[in-house]
Amino acid sequence: MCKKWHSIWKQRFLCRSCNRSFVAFYSYTAYRKGTNKAIIVHLKEGCGIRSIGRLLMIGKSTVLRRIIRIAFKIMRPQISFGQTYELDELCTYIKRKEKQCWIVYALRRNTKEVIDFTVGNRSIATLKKVTDTLLLSGAKKIYTDKLKQYTTLLPKSLHRTTLHGTNHIERMNLTLRTHLKRLSRRTICYSKSIMMLIA
């Protein structure tokens, strides 16, 4: 139940259960219900930050803040034991093309679910963050490309580099590049910070 209390400009309401005040209709679109869901939908359809701002009639700074807030509320999936995974790296850059950055992530083969990821340079330290997660989960098999670093991080009994072993994750790379402008090849869109890339 809510009770009314008068304001000079707009009618405001005070919730008796949580004591938060609100108005029935907000002038600024960002405060309306469903804004976060609309941002997610537009992101999945390949819209950039400025495009989302224009479509939803909100500021680009607000869009950036909302994306970070939404991203850090997402719960990581529970990892099942004894599964088969595919592991790959996705190349992008931050601020300028000379500053390359790699997204390393693992895909569960039967559900196509992203299990774990990290962002950094293409080094053993970066790859180890994801491979350790897979090894701790008691992975049955781990399929990768023929990058040399994997041979030192994964035991031979689990590691596979067969011809069509990474088909699912390579298709996921293509999907990500299609739907996210900042990951597209030959694009003028880019991430200004590593936090936004992670988000």
# chains A, B, ... in the order shown; residues from 1 in each chain; ligands from 1
>>> residues_around(residues="range 170-184 of chain A", least_positions_apart="4", cutoff="8 Å", atoms="only C-alpha atoms", output="PyMOL selection string")
chain A and resi 43-48+88+90+92+166+189-191
>>> select_by_dssp(residues="range 50-148 of chain A", states="alpha helix (DSSP H)", output="PyMOL selection string")
chain A and resi 50-56+60-71+124-136
>>> residues_around(residues="range 63-65 of chain A", least_positions_apart="3", cutoff="12 Å", atoms="only C-alpha atoms", output="PyMOL selection string")
chain A and resi 29-31+35-40+42-43+47-60+68-72+191-193+195-197+199
>>> write_last_selection(atoms="C-alpha atoms", output="PDB file, in the first residue's frame")
ATOM      1  CA  THR A  29      13.384   7.756 -19.674  1.00  0.00           C
ATOM      2  CA  ALA A  30      16.261   6.099 -17.793  1.00  0.00           C
ATOM      3  CA  TYR A  31      14.185   5.874 -14.586  1.00  0.00           C
ATOM      4  CA  THR A  35      15.015   0.402 -19.315  1.00  0.00           C
ATOM      5  CA  ASN A  36      17.622  -2.167 -18.292  1.00  0.00           C
ATOM      6  CA  LYS A  37      15.879  -4.905 -20.289  1.00  0.00           C
ATOM      7  CA  ALA A  38      15.732  -2.612 -23.322  1.00  0.00           C
ATOM      8  CA  ILE A  39      19.477  -1.912 -23.043  1.00  0.00           C
ATOM      9  CA  ILE A  40      20.213  -5.659 -22.978  1.00  0.00           C
ATOM     10  CA  HIS A  42      19.652  -3.499 -28.029  1.00  0.00           C
ATOM     11  CA  LEU A  43      23.126  -4.716 -27.072  1.00  0.00           C
ATOM     12  CA  CYS A  47      23.608  -1.509 -31.299  1.00  0.00           C
ATOM     13  CA  GLY A  48      26.429   0.695 -30.056  1.00  0.00           C
ATOM     14  CA  ILE A  49      26.372   2.840 -26.921  1.00  0.00           C
ATOM     15  CA  ARG A  50      25.370   6.022 -28.768  1.00  0.00           C
ATOM     16  CA  SER A  51      22.727   4.116 -30.767  1.00  0.00           C
ATOM     17  CA  ILE A  52      21.134   2.785 -27.582  1.00  0.00           C
ATOM     18  CA  GLY A  53      21.166   6.289 -26.107  1.00  0.00           C
ATOM     19  CA  ARG A  54      19.388   7.702 -29.170  1.00  0.00           C
ATOM     20  CA  LEU A  55      16.812   4.900 -29.347  1.00  0.00           C
ATOM     21  CA  LEU A  56      15.928   5.023 -25.649  1.00  0.00           C
ATOM     22  CA  MET A  57      16.368   8.823 -25.411  1.00  0.00           C
ATOM     23  CA  ILE A  58      18.871   8.649 -22.556  1.00  0.00           C
ATOM     24  CA  GLY A  59      22.450   9.857 -22.184  1.00  0.00           C
ATOM     25  CA  LYS A  60      25.366   7.682 -23.282  1.00  0.00           C
ATOM     26  CA  ILE A  68      28.380  -2.044 -15.891  1.00  0.00           C
ATOM     27  CA  ARG A  69      25.713  -2.340 -13.186  1.00  0.00           C
ATOM     28  CA  ILE A  70      23.840  -5.054 -15.096  1.00  0.00           C
ATOM     29  CA  ALA A  71      27.021  -6.985 -15.911  1.00  0.00           C
ATOM     30  CA  PHE A  72      28.299  -7.207 -12.348  1.00  0.00           C
ATOM     31  CA  SER A 191      36.432  -0.359 -25.917  1.00  0.00           C
ATOM     32  CA  LYS A 192      37.856   2.604 -24.046  1.00  0.00           C
ATOM     33  CA  SER A 193      38.452   0.635 -20.853  1.00  0.00           C
ATOM     34  CA  MET A 195      36.042  -2.686 -17.427  1.00  0.00           C
ATOM     35  CA  MET A 196      33.626  -1.960 -20.286  1.00  0.00           C
ATOM     36  CA  LEU A 197      35.070  -4.840 -22.309  1.00  0.00           C
ATOM     37  CA  ALA A 199      31.023  -5.899 -18.840  1.00  0.00           C
TER      38      ALA A 199
END
>>> residues_around(residues="Val104 in chain A", least_positions_apart="5", cutoff="9 Å", atoms="only C-alpha atoms", output="PyMOL selection string")
chain A and resi 87-91+116-120+122+126-127+130
>>> select_by_dssp(residues="range 62-152 of chain A", states="strand (DSSP E or B)", output="ChimeraX atom specification")
/A:84-94,100-108,113-120,141-143
>>> residues_around(residues="Phe22 in chain A", least_positions_apart="5", cutoff="7 Å", atoms="only C-alpha atoms", output="mmCIF file with C-alpha atoms, in the first residue's frame")
data_model
loop_
_atom_site.group_PDB
_atom_site.id
_atom_site.type_symbol
_atom_site.label_atom_id
_atom_site.label_comp_id
_atom_site.auth_asym_id
_atom_site.auth_seq_id
_atom_site.Cartn_x
_atom_site.Cartn_y
_atom_site.Cartn_z
ATOM 1 C CA ARG A 12 4.984 11.561 -5.490
ATOM 2 C CA PHE A 13 4.151 8.341 -3.675
ATOM 3 C CA LEU A 14 5.700 6.897 -0.537
#
>>> residues_around(residues="Thr162 in chain A", least_positions_apart="3", cutoff="12 Å", atoms="only C-alpha atoms", output="list of chain:residue names")
A:Glu86, A:Lys141, A:Ile142, A:Tyr143, A:Thr144, A:Asp145, A:Lys146, A:His159, A:Gly165, A:Thr166, A:Asn167
>>> write_last_selection(atoms="C-alpha atoms", output="PDB file, in the first residue's frame")
ATOM      1  CA  GLU A  86      36.163 -26.086 -25.757  1.00  0.00           C
ATOM      2  CA  LYS A 141      38.220 -33.543 -22.298  1.00  0.00           C
ATOM      3  CA  ILE A 142      39.348 -30.039 -23.248  1.00  0.00           C
ATOM      4  CA  TYR A 143      39.507 -29.108 -26.934  1.00  0.00           C
ATOM      5  CA  THR A 144      41.705 -26.185 -28.010  1.00  0.00           C
ATOM      6  CA  ASP A 145      43.567 -24.926 -31.059  1.00  0.00           C
ATOM      7  CA  LYS A 146      47.289 -25.647 -31.464  1.00  0.00           C
ATOM      8  CA  HIS A 159      44.000 -32.071 -24.033  1.00  0.00           C
ATOM      9  CA  GLY A 165      37.283 -30.007 -32.026  1.00  0.00           C
ATOM     10  CA  THR A 166      36.615 -26.277 -31.588  1.00  0.00           C
ATOM     11  CA  ASN A 167      33.739 -25.851 -34.081  1.00  0.00           C
TER      12      ASN A 167
END
>>> atom_distance(atom1="CA of Arg20 in chain A", atom2="CA of Arg32 in chain A")
15.4 Å
>>> residues_around(residues="range 82-84 of chain A", least_positions_apart="6", cutoff="10 Å", atoms="only C-alpha atoms", output="short mmCIF file (atom, residue, chain, number, x, y, z; two decimals) with C-alpha atoms, in the first residue's frame")
data_model
loop_
_atom_site.label_atom_id
_atom_site.label_comp_id
_atom_site.auth_asym_id
_atom_site.auth_seq_id
_atom_site.Cartn_x
_atom_site.Cartn_y
_atom_site.Cartn_z
CA LEU A 107 32.45 -23.28 -23.62
CA ARG A 108 30.65 -26.34 -22.32
CA ARG A 109 30.30 -28.53 -25.37
CA ASN A 110 26.84 -30.07 -24.90
CA LEU A 134 38.34 -26.43 -16.01
CA LEU A 135 40.89 -28.68 -14.30
CA SER A 137 35.92 -29.11 -12.35
CA GLY A 138 37.27 -32.54 -13.28
CA ALA A 139 36.95 -32.02 -17.03
CA LYS A 140 36.69 -35.15 -19.18
CA LYS A 141 38.22 -33.54 -22.30
CA ILE A 142 39.35 -30.04 -23.25
CA TYR A 143 39.51 -29.11 -26.93
CA LEU A 158 42.68 -34.32 -21.27
#
